[in-house]
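Okay, structure first, notes after.
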Amino acid sequence: MAQKVLRNVTHCIFDMDGLLLDTEKIYEDVTRQIAASFGRTYTVATRFRVMGTTDQRSADIAIAECKLPLTRDQFLQRYKRMCGERMHNVPLLEGAERLLRHLHAQKIPFCLATSSSADMFELKTTLHRELFDLFNHRVCGSSDAEVKNGKPAPDIFLVAAQRFTDIPKPESCLVFEDSPNGVTAGISAGMQVVMVPDSRLSKERCAHATQVLASLEDFKPEQFGLPPFSN
């Protein structure tokens, strides 16, 4: 397969769960526990379909595929309560802090585009408030009225780009994602996408990303025309 051409960018847009914060295992465990309470199995395949979507869409997929006798509201009430009990001390993932502080020091504009709701964002970032305050702005897809359709639709990234003071063209934005749904959303928005996928994902599920990395620690900013790390 031919290597993809990397274009220079001026702005960066980050997903949060599974990319910056180590939360995806919590989400998976909680949904598996809910399914098991009804004698149902939450498969890895279903998990990958859920990843990156809004809270509402995630609930709909889990309920349908696991055949759960719950309404969306009932599922989300359980899900958020159980997640909330475990989200107060979520660690950062490898390479996240280094990259964010580098971009901030180099005055590269960057923002957050997460499918989480605003209240869940506040909960998950409790330990890292100072770091997340470095972002120019954030878009929380599950609670932002301007995001009409969740990932894999491009809405959240287009809204995020429009909220920069100096509004960039889509092709000048670099998206960082971990899920196939998120990558599809970024590509559909006309942006390049660096993917740091779950190790269980097949190469085929990652093939549409501009670049695939094992960790943010492996990212080389200069490949996209950004200032290189000094160390």
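Just remember, in the structure tokens the first chain shown is A, the second B, etc., residues are 1-based per chain, and ligands are 1-based in the order shown.
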
Residues of segment 6-92 of chain A that have any atom at most 9 Å from an atom of segment 185-193 of chain A: could you tabulate them with the shortest-distance atom pair and the distance in Å to one decimal, using only C-alpha atoms, ordered by chain and increasing number, as CSV?
residue,atom,partner,partner_atom,distance
A:Leu6,CA,A:Gln192,CA,8.0
A:Arg7,CA,A:Gln192,CA,8.0
A:Val9,CA,A:Gln192,CA,8.8

Margin query: List the spatial neighbours of Leu201 of chain A as an MDAnalysis selection string - criterion: any atom at most 12 Å away, only C-alpha atoms, same-chain residues fewer than 2 positions off excluded.
Written below: chainID A and resid 44:45 47:49 51 178:180 195:199 203:207 212 214

Next item on the list: Can you check which residues of segment 119-225 of chain A DSSP gives as strand (DSSP E) on the backbone and send them as a ChimeraX atom specification?
Entry: /A:138-140,173-177,192-195,211-212

Keeping only N, CA and C atoms, write those residues as a PDB file, in the first residue's frame.
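Result file out-v3.pdb:
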ATOM      1  N   ARG A 138     -13.366  23.745  23.771  1.00  0.00           N
ATOM      2  CA  ARG A 138     -13.764  22.341  23.695  1.00  0.00           C
ATOM      3  C   ARG A 138     -15.194  22.232  23.180  1.00  0.00           C
ATOM      4  N   VAL A 139     -15.447  21.149  22.464  1.00  0.00           N
ATOM      5  CA  VAL A 139     -16.773  20.817  21.971  1.00  0.00           C
ATOM      6  C   VAL A 139     -17.136  19.449  22.537  1.00  0.00           C
ATOM      7  N   CYS A 140     -18.218  19.381  23.281  1.00  0.00           N
ATOM      8  CA  CYS A 140     -18.684  18.135  23.903  1.00  0.00           C
ATOM      9  C   CYS A 140     -19.914  17.648  23.134  1.00  0.00           C
ATOM     10  N   CYS A 173      -6.310  21.501   9.302  1.00  0.00           N
ATOM     11  CA  CYS A 173      -6.506  20.930  10.645  1.00  0.00           C
ATOM     12  C   CYS A 173      -6.018  19.487  10.702  1.00  0.00           C
ATOM     13  N   LEU A 174      -5.393  19.145  11.810  1.00  0.00           N
ATOM     14  CA  LEU A 174      -4.957  17.769  12.068  1.00  0.00           C
ATOM     15  C   LEU A 174      -5.736  17.231  13.249  1.00  0.00           C
ATOM     16  N   VAL A 175      -6.475  16.153  13.017  1.00  0.00           N
ATOM     17  CA  VAL A 175      -7.281  15.509  14.048  1.00  0.00           C
ATOM     18  C   VAL A 175      -6.493  14.347  14.659  1.00  0.00           C
ATOM     19  N   PHE A 176      -6.629  14.178  15.979  1.00  0.00           N
ATOM     20  CA  PHE A 176      -6.045  13.030  16.682  1.00  0.00           C
ATOM     21  C   PHE A 176      -7.192  12.190  17.230  1.00  0.00           C
ATOM     22  N   GLU A 177      -7.205  10.913  16.883  1.00  0.00           N
ATOM     23  CA  GLU A 177      -8.328  10.039  17.228  1.00  0.00           C
ATOM     24  C   GLU A 177      -7.848   8.640  17.608  1.00  0.00           C
ATOM     25  N   GLN A 192      -6.895  15.819   7.929  1.00  0.00           N
ATOM     26  CA  GLN A 192      -6.015  14.672   8.116  1.00  0.00           C
ATOM     27  C   GLN A 192      -6.239  14.123   9.524  1.00  0.00           C
ATOM     28  N   VAL A 193      -6.022  12.822   9.690  1.00  0.00           N
ATOM     29  CA  VAL A 193      -6.277  12.197  10.990  1.00  0.00           C
ATOM     30  C   VAL A 193      -5.122  11.283  11.389  1.00  0.00           C
ATOM     31  N   VAL A 194      -4.552  11.560  12.552  1.00  0.00           N
ATOM     32  CA  VAL A 194      -3.575  10.663  13.177  1.00  0.00           C
ATOM     33  C   VAL A 194      -4.353   9.753  14.123  1.00  0.00           C
ATOM     34  N   MET A 195      -4.205   8.461  13.944  1.00  0.00           N
ATOM     35  CA  MET A 195      -4.955   7.494  14.745  1.00  0.00           C
ATOM     36  C   MET A 195      -4.026   6.731  15.683  1.00  0.00           C
ATOM     37  N   GLN A 211      -2.401   8.640   9.282  1.00  0.00           N
ATOM     38  CA  GLN A 211      -1.228   8.036   9.913  1.00  0.00           C
ATOM     39  C   GLN A 211      -1.696   7.242  11.128  1.00  0.00           C
ATOM     40  N   VAL A 212      -1.101   6.073  11.335  1.00  0.00           N
ATOM     41  CA  VAL A 212      -1.448   5.222  12.482  1.00  0.00           C
ATOM     42  C   VAL A 212      -0.217   5.065  13.360  1.00  0.00           C
TER      43      VAL A 212
END

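The smallest atom-to-atom distance between Lys80 of chain A and any of A:Asp166, A:Asp15, A:Glu24, A:Asp55, using only C-alpha atoms, is found for A:Asp55.
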
Next item on the list: For Glu94 of chain A, work out the shell of residues within 10 Å, counting only C-alpha atoms and skipping chain neighbours fewer than 4 positions away, then give it as a list in words.
Entry: Leu19, Leu20, Leu21, Asp22, Arg98, Leu99, Ala214, Ser215, Leu216, Glu217 and Asp218 of chain A

Output N, CA, C and O atoms for every residue in that selection, as a PDB file, in the first residue's frame.
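Saved result, selection_20.pdb, follows:
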ATOM      1  N   LEU A  19      -7.452   8.389  23.935  1.00  0.00           N
ATOM      2  CA  LEU A  19      -6.362   9.069  23.239  1.00  0.00           C
ATOM      3  C   LEU A  19      -5.537   9.880  24.221  1.00  0.00           C
ATOM      4  O   LEU A  19      -4.318   9.729  24.315  1.00  0.00           O
ATOM      5  N   LEU A  20      -6.218  10.744  24.983  1.00  0.00           N
ATOM      6  CA  LEU A  20      -5.557  11.546  26.016  1.00  0.00           C
ATOM      7  C   LEU A  20      -5.758  10.931  27.403  1.00  0.00           C
ATOM      8  O   LEU A  20      -4.844  10.936  28.227  1.00  0.00           O
ATOM      9  N   LEU A  21      -6.961  10.421  27.647  1.00  0.00           N
ATOM     10  CA  LEU A  21      -7.293   9.837  28.949  1.00  0.00           C
ATOM     11  C   LEU A  21      -7.570   8.341  28.816  1.00  0.00           C
ATOM     12  O   LEU A  21      -8.209   7.898  27.847  1.00  0.00           O
ATOM     13  N   ASP A  22      -7.131   7.584  29.801  1.00  0.00           N
ATOM     14  CA  ASP A  22      -7.290   6.129  29.783  1.00  0.00           C
ATOM     15  C   ASP A  22      -8.665   5.740  30.328  1.00  0.00           C
ATOM     16  O   ASP A  22      -8.788   5.150  31.403  1.00  0.00           O
ATOM     17  N   ARG A  98       3.029  15.543  27.043  1.00  0.00           N
ATOM     18  CA  ARG A  98       4.187  16.081  26.307  1.00  0.00           C
ATOM     19  C   ARG A  98       3.740  16.823  25.047  1.00  0.00           C
ATOM     20  O   ARG A  98       4.190  17.938  24.765  1.00  0.00           O
ATOM     21  N   LEU A  99       2.833  16.213  24.273  1.00  0.00           N
ATOM     22  CA  LEU A  99       2.386  16.820  23.019  1.00  0.00           C
ATOM     23  C   LEU A  99       1.575  18.089  23.279  1.00  0.00           C
ATOM     24  O   LEU A  99       1.789  19.116  22.616  1.00  0.00           O
ATOM     25  N   ALA A 214       1.343   3.763  17.402  1.00  0.00           N
ATOM     26  CA  ALA A 214       1.102   2.936  18.579  1.00  0.00           C
ATOM     27  C   ALA A 214       0.816   3.783  19.807  1.00  0.00           C
ATOM     28  O   ALA A 214       0.140   3.352  20.738  1.00  0.00           O
ATOM     29  N   SER A 215       1.330   5.025  19.809  1.00  0.00           N
ATOM     30  CA  SER A 215       1.206   5.924  20.953  1.00  0.00           C
ATOM     31  C   SER A 215       1.435   7.356  20.487  1.00  0.00           C
ATOM     32  O   SER A 215       2.127   7.592  19.489  1.00  0.00           O
ATOM     33  N   LEU A 216       0.882   8.319  21.215  1.00  0.00           N
ATOM     34  CA  LEU A 216       1.179   9.721  20.917  1.00  0.00           C
ATOM     35  C   LEU A 216       2.661  10.031  21.112  1.00  0.00           C
ATOM     36  O   LEU A 216       3.176  10.999  20.573  1.00  0.00           O
ATOM     37  N   GLU A 217       3.339   9.190  21.881  1.00  0.00           N
ATOM     38  CA  GLU A 217       4.770   9.346  22.097  1.00  0.00           C
ATOM     39  C   GLU A 217       5.539   9.232  20.766  1.00  0.00           C
ATOM     40  O   GLU A 217       6.635   9.757  20.629  1.00  0.00           O
ATOM     41  N   ASP A 218       4.929   8.552  19.803  1.00  0.00           N
ATOM     42  CA  ASP A 218       5.587   8.321  18.513  1.00  0.00           C
ATOM     43  C   ASP A 218       5.319   9.439  17.502  1.00  0.00           C
ATOM     44  O   ASP A 218       5.864   9.408  16.395  1.00  0.00           O
TER      45      ASP A 218
END

Checklist line | 10 Å contact set for Ala36 of chain A, only C-alpha atoms, chain neighbours under 6 positions out, as a PyMOL selection string | finding: chain A and resi 30+42+66+68

Create the file for the chosen residues now, containing C-alpha atoms and written as a JSON list (two decimals), in the first residue's frame.
[["chain", "number", "residue", "atom", "x", "y", "z"],
["A", 30, "VAL", "CA", -19.24, -0.79, 32.80],
["A", 42, "TYR", "CA", -21.08, -7.29, 25.35],
["A", 66, "CYS", "CA", -27.07, -6.87, 23.51],
["A", 68, "LEU", "CA", -31.17, -5.25, 26.80]]

Looking only at the backbone, which of the residues in segment 9-200 of chain A does DSSP tag as helix (DSSP H, G or I), as a compact mmCIF listing (two decimals) with N, CA and C atoms, in the first residue's frame?
# COMPACT_ATOMS: atom_id res chain seq x y z
N GLU A 24 -11.31 4.30 28.13
CA GLU A 24 -12.06 3.34 27.32
C GLU A 24 -12.26 2.00 28.04
N LYS A 25 -11.29 1.58 28.83
CA LYS A 25 -11.44 0.33 29.58
C LYS A 25 -12.58 0.43 30.58
N ILE A 26 -12.73 1.61 31.18
CA ILE A 26 -13.82 1.81 32.14
C ILE A 26 -15.16 1.71 31.42
N TYR A 27 -15.29 2.39 30.28
CA TYR A 27 -16.52 2.32 29.51
C TYR A 27 -16.87 0.89 29.14
N GLU A 28 -15.87 0.16 28.69
CA GLU A 28 -16.09 -1.23 28.26
C GLU A 28 -16.51 -2.09 29.45
N ASP A 29 -15.82 -1.95 30.56
CA ASP A 29 -16.15 -2.75 31.75
C ASP A 29 -17.55 -2.46 32.25
N VAL A 30 -17.92 -1.18 32.29
CA VAL A 30 -19.24 -0.79 32.80
C VAL A 30 -20.35 -1.35 31.90
N THR A 31 -20.20 -1.21 30.59
CA THR A 31 -21.22 -1.71 29.69
C THR A 31 -21.29 -3.23 29.75
N ARG A 32 -20.16 -3.88 29.90
CA ARG A 32 -20.16 -5.34 30.04
C ARG A 32 -20.89 -5.77 31.31
N GLN A 33 -20.71 -5.02 32.39
CA GLN A 33 -21.41 -5.33 33.65
C GLN A 33 -22.91 -5.15 33.51
N ILE A 34 -23.32 -4.08 32.82
CA ILE A 34 -24.76 -3.86 32.62
C ILE A 34 -25.35 -5.00 31.80
N ALA A 35 -24.67 -5.37 30.72
CA ALA A 35 -25.16 -6.47 29.88
C ALA A 35 -25.23 -7.78 30.67
N ALA A 36 -24.18 -8.05 31.45
CA ALA A 36 -24.13 -9.30 32.23
C ALA A 36 -25.23 -9.38 33.27
N VAL A 44 -16.54 -7.52 21.86
CA VAL A 44 -15.54 -6.54 21.42
C VAL A 44 -16.01 -5.87 20.13
N ALA A 45 -16.65 -6.62 19.25
CA ALA A 45 -17.15 -6.06 17.99
C ALA A 45 -18.15 -4.95 18.26
N THR A 46 -19.04 -5.17 19.22
CA THR A 46 -20.01 -4.13 19.58
C THR A 46 -19.29 -2.94 20.19
N ARG A 47 -18.28 -3.20 21.00
CA ARG A 47 -17.52 -2.12 21.60
C ARG A 47 -16.91 -1.20 20.54
N PHE A 48 -16.37 -1.79 19.50
CA PHE A 48 -15.74 -0.98 18.46
C PHE A 48 -16.77 -0.17 17.68
N ARG A 49 -18.01 -0.67 17.57
CA ARG A 49 -19.05 0.11 16.91
C ARG A 49 -19.49 1.29 17.77
N VAL A 50 -19.39 1.12 19.08
CA VAL A 50 -19.79 2.17 20.02
C VAL A 50 -18.74 3.27 20.13
N ASP A 55 -23.11 9.74 23.72
CA ASP A 55 -23.69 8.92 24.78
C ASP A 55 -25.00 8.28 24.32
N GLN A 56 -25.82 9.07 23.63
CA GLN A 56 -27.13 8.59 23.20
C GLN A 56 -27.00 7.47 22.17
N ARG A 57 -26.11 7.66 21.19
CA ARG A 57 -25.92 6.64 20.16
C ARG A 57 -25.28 5.39 20.74
N SER A 58 -24.35 5.57 21.66
CA SER A 58 -23.71 4.42 22.32
C SER A 58 -24.75 3.57 23.03
N ALA A 59 -25.67 4.23 23.73
CA ALA A 59 -26.73 3.52 24.44
C ALA A 59 -27.61 2.75 23.46
N ASP A 60 -27.98 3.38 22.36
CA ASP A 60 -28.84 2.72 21.38
C ASP A 60 -28.18 1.47 20.80
N ILE A 61 -26.89 1.56 20.49
CA ILE A 61 -26.18 0.41 19.92
C ILE A 61 -26.09 -0.72 20.95
N ALA A 62 -25.71 -0.38 22.18
CA ALA A 62 -25.56 -1.40 23.22
C ALA A 62 -26.89 -2.09 23.50
N ILE A 63 -27.96 -1.32 23.60
CA ILE A 63 -29.28 -1.89 23.88
C ILE A 63 -29.72 -2.83 22.76
N ALA A 64 -29.54 -2.39 21.51
CA ALA A 64 -29.98 -3.19 20.37
C ALA A 64 -29.16 -4.46 20.20
N GLU A 65 -27.84 -4.33 20.26
CA GLU A 65 -26.99 -5.48 19.97
C GLU A 65 -26.90 -6.47 21.13
N CYS A 66 -27.09 -5.98 22.35
CA CYS A 66 -27.07 -6.87 23.51
C CYS A 66 -28.48 -7.30 23.92
N ARG A 72 -33.38 3.92 26.51
CA ARG A 72 -32.14 4.68 26.44
C ARG A 72 -31.88 5.41 27.75
N ASP A 73 -32.88 6.07 28.30
CA ASP A 73 -32.71 6.83 29.54
C ASP A 73 -32.33 5.92 30.70
N GLN A 74 -32.94 4.75 30.77
CA GLN A 74 -32.61 3.80 31.85
C GLN A 74 -31.17 3.33 31.73
N PHE A 75 -30.76 3.02 30.52
CA PHE A 75 -29.37 2.58 30.30
C PHE A 75 -28.40 3.68 30.70
N LEU A 76 -28.64 4.90 30.23
CA LEU A 76 -27.72 6.00 30.49
C LEU A 76 -27.67 6.35 31.98
N GLN A 77 -28.78 6.21 32.67
CA GLN A 77 -28.78 6.48 34.11
C GLN A 77 -27.86 5.51 34.83
N ARG A 78 -27.94 4.24 34.51
CA ARG A 78 -27.04 3.24 35.10
C ARG A 78 -25.59 3.48 34.68
N TYR A 79 -25.42 3.69 33.39
CA TYR A 79 -24.09 3.85 32.81
C TYR A 79 -23.35 5.03 33.42
N LYS A 80 -24.00 6.17 33.52
CA LYS A 80 -23.33 7.35 34.04
C LYS A 80 -23.05 7.23 35.54
N ARG A 81 -23.96 6.58 36.26
CA ARG A 81 -23.72 6.38 37.69
C ARG A 81 -22.52 5.47 37.91
N MET A 82 -22.44 4.37 37.17
CA MET A 82 -21.34 3.43 37.34
C MET A 82 -20.01 4.01 36.85
N CYS A 83 -20.05 4.74 35.74
CA CYS A 83 -18.83 5.40 35.25
C CYS A 83 -18.36 6.45 36.25
N GLY A 84 -19.32 7.20 36.78
CA GLY A 84 -18.98 8.28 37.70
C GLY A 84 -18.24 7.80 38.93
N ALA A 96 0.56 12.08 25.85
CA ALA A 96 -0.47 13.11 25.78
C ALA A 96 0.01 14.45 26.34
N GLU A 97 0.52 14.43 27.57
CA GLU A 97 0.91 15.69 28.20
C GLU A 97 2.07 16.34 27.45
N ARG A 98 3.03 15.54 27.04
CA ARG A 98 4.19 16.08 26.31
C ARG A 98 3.74 16.82 25.05
N LEU A 99 2.83 16.21 24.27
CA LEU A 99 2.39 16.82 23.02
C LEU A 99 1.57 18.09 23.28
N LEU A 100 0.66 18.04 24.23
CA LEU A 100 -0.18 19.21 24.50
C LEU A 100 0.65 20.39 24.99
N ARG A 101 1.59 20.13 25.88
CA ARG A 101 2.43 21.23 26.39
C ARG A 101 3.36 21.77 25.30
N HIS A 102 3.80 20.90 24.41
CA HIS A 102 4.63 21.34 23.29
C HIS A 102 3.85 22.27 22.36
N LEU A 103 2.66 21.87 21.98
CA LEU A 103 1.83 22.70 21.09
C LEU A 103 1.52 24.05 21.74
N HIS A 104 1.23 24.03 23.03
CA HIS A 104 0.93 25.28 23.75
C HIS A 104 2.16 26.18 23.78
N ALA A 105 3.32 25.61 24.07
CA ALA A 105 4.55 26.40 24.13
C ALA A 105 4.91 27.00 22.77
N ALA A 118 -20.72 17.55 28.57
CA ALA A 118 -19.94 18.52 29.34
C ALA A 118 -19.76 18.08 30.79
N ASP A 119 -20.78 17.48 31.39
CA ASP A 119 -20.66 17.05 32.78
C ASP A 119 -19.68 15.89 32.93
N MET A 120 -19.66 14.98 31.95
CA MET A 120 -18.70 13.89 32.01
C MET A 120 -17.28 14.39 31.76
N PHE A 121 -17.13 15.39 30.91
CA PHE A 121 -15.82 16.00 30.70
C PHE A 121 -15.27 16.54 32.02
N GLU A 122 -16.10 17.26 32.76
CA GLU A 122 -15.67 17.83 34.03
C GLU A 122 -15.24 16.75 35.00
N LEU A 123 -15.99 15.66 35.04
CA LEU A 123 -15.67 14.56 35.95
C LEU A 123 -14.35 13.89 35.58
N LYS A 124 -14.19 13.60 34.30
CA LYS A 124 -13.01 12.84 33.85
C LYS A 124 -11.71 13.62 33.93
N THR A 126 -10.89 15.81 36.27
CA THR A 126 -10.71 16.33 37.63
C THR A 126 -9.24 16.44 38.02
N LEU A 127 -8.46 15.41 37.71
CA LEU A 127 -7.04 15.39 38.10
C LEU A 127 -6.14 16.20 37.17
N HIS A 128 -6.70 16.62 36.03
CA HIS A 128 -5.85 17.22 35.00
C HIS A 128 -6.41 18.57 34.53
N ARG A 129 -7.06 19.28 35.41
CA ARG A 129 -7.75 20.52 35.03
C ARG A 129 -6.79 21.55 34.42
N GLU A 130 -5.60 21.70 35.02
CA GLU A 130 -4.65 22.69 34.51
C GLU A 130 -4.23 22.37 33.09
N LEU A 131 -4.02 21.09 32.78
CA LEU A 131 -3.62 20.69 31.44
C LEU A 131 -4.73 20.96 30.43
N PHE A 132 -5.96 20.63 30.79
CA PHE A 132 -7.07 20.81 29.86
C PHE A 132 -7.46 22.28 29.72
N ASP A 155 -19.70 16.48 11.81
CA ASP A 155 -20.19 17.70 12.47
C ASP A 155 -19.28 18.23 13.58
N ILE A 156 -18.86 17.34 14.50
CA ILE A 156 -18.14 17.81 15.68
C ILE A 156 -16.81 18.47 15.30
N PHE A 157 -16.14 17.97 14.28
CA PHE A 157 -14.86 18.55 13.88
C PHE A 157 -15.05 19.85 13.10
N LEU A 158 -16.11 19.94 12.34
CA LEU A 158 -16.40 21.18 11.63
C LEU A 158 -16.79 22.29 12.61
N VAL A 159 -17.59 21.94 13.62
CA VAL A 159 -17.95 22.91 14.66
C VAL A 159 -16.71 23.35 15.43
N ALA A 160 -15.86 22.39 15.78
CA ALA A 160 -14.64 22.70 16.53
C ALA A 160 -13.75 23.66 15.76
N ALA A 161 -13.58 23.44 14.46
CA ALA A 161 -12.73 24.30 13.64
C ALA A 161 -13.30 25.71 13.56
N GLN A 162 -14.61 25.82 13.47
CA GLN A 162 -15.26 27.13 13.35
C GLN A 162 -15.13 27.97 14.62
N PRO A 170 -10.55 23.32 6.64
CA PRO A 170 -10.46 21.93 7.11
C PRO A 170 -9.12 21.26 6.80
N GLU A 171 -8.59 21.54 5.60
CA GLU A 171 -7.34 20.88 5.22
C GLU A 171 -6.14 21.36 6.02
N SER A 172 -6.32 22.44 6.79
CA SER A 172 -5.25 22.94 7.65
C SER A 172 -5.33 22.39 9.08
N PRO A 180 -12.33 4.11 14.95
CA PRO A 180 -12.68 4.15 13.52
C PRO A 180 -13.78 5.17 13.23
N ASN A 181 -14.77 5.29 14.12
CA ASN A 181 -15.83 6.29 13.93
C ASN A 181 -15.26 7.70 13.91
N GLY A 182 -14.32 7.97 14.81
CA GLY A 182 -13.71 9.28 14.87
C GLY A 182 -12.86 9.59 13.65
N VAL A 183 -12.13 8.58 13.18
CA VAL A 183 -11.31 8.76 11.98
C VAL A 183 -12.20 9.07 10.77
N THR A 184 -13.29 8.32 10.64
CA THR A 184 -14.23 8.56 9.54
C THR A 184 -14.78 10.00 9.60
N ALA A 185 -15.10 10.46 10.81
CA ALA A 185 -15.61 11.82 11.00
C ALA A 185 -14.59 12.85 10.56
N GLY A 186 -13.33 12.67 10.96
CA GLY A 186 -12.28 13.62 10.62
C GLY A 186 -12.00 13.66 9.12
N ILE A 187 -11.92 12.49 8.50
CA ILE A 187 -11.67 12.41 7.06
C ILE A 187 -12.85 13.03 6.30
N SER A 188 -14.07 12.76 6.76
CA SER A 188 -15.26 13.31 6.11
C SER A 188 -15.31 14.83 6.23

Next item on the list: Check the smallest atom-to-atom distance from each of A:Gly18, A:Asn8, A:Ala113, A:Thr43 to Pro154 of chain A using only C-alpha atoms, then report the winner.
Entry: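 Under the stated criterion, the closest residue is A:Ala113.
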
Notebook entry, point to check: What is the distance between atom CA of Gly95 of chain A and atom CA of Leu213 of chain A, in Å to one decimal?
Noted result: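 Atom-to-atom, atom CA of Gly95 of chain A to atom CA of Leu213 of chain A, that is 11.3 Å.
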
Checklist line | Using only C-alpha atoms: which of A:Asn149, A:Thr165, A:Thr71, A:Thr54 has the shortest distance to Thr114 of chain A | finding: A:Thr54
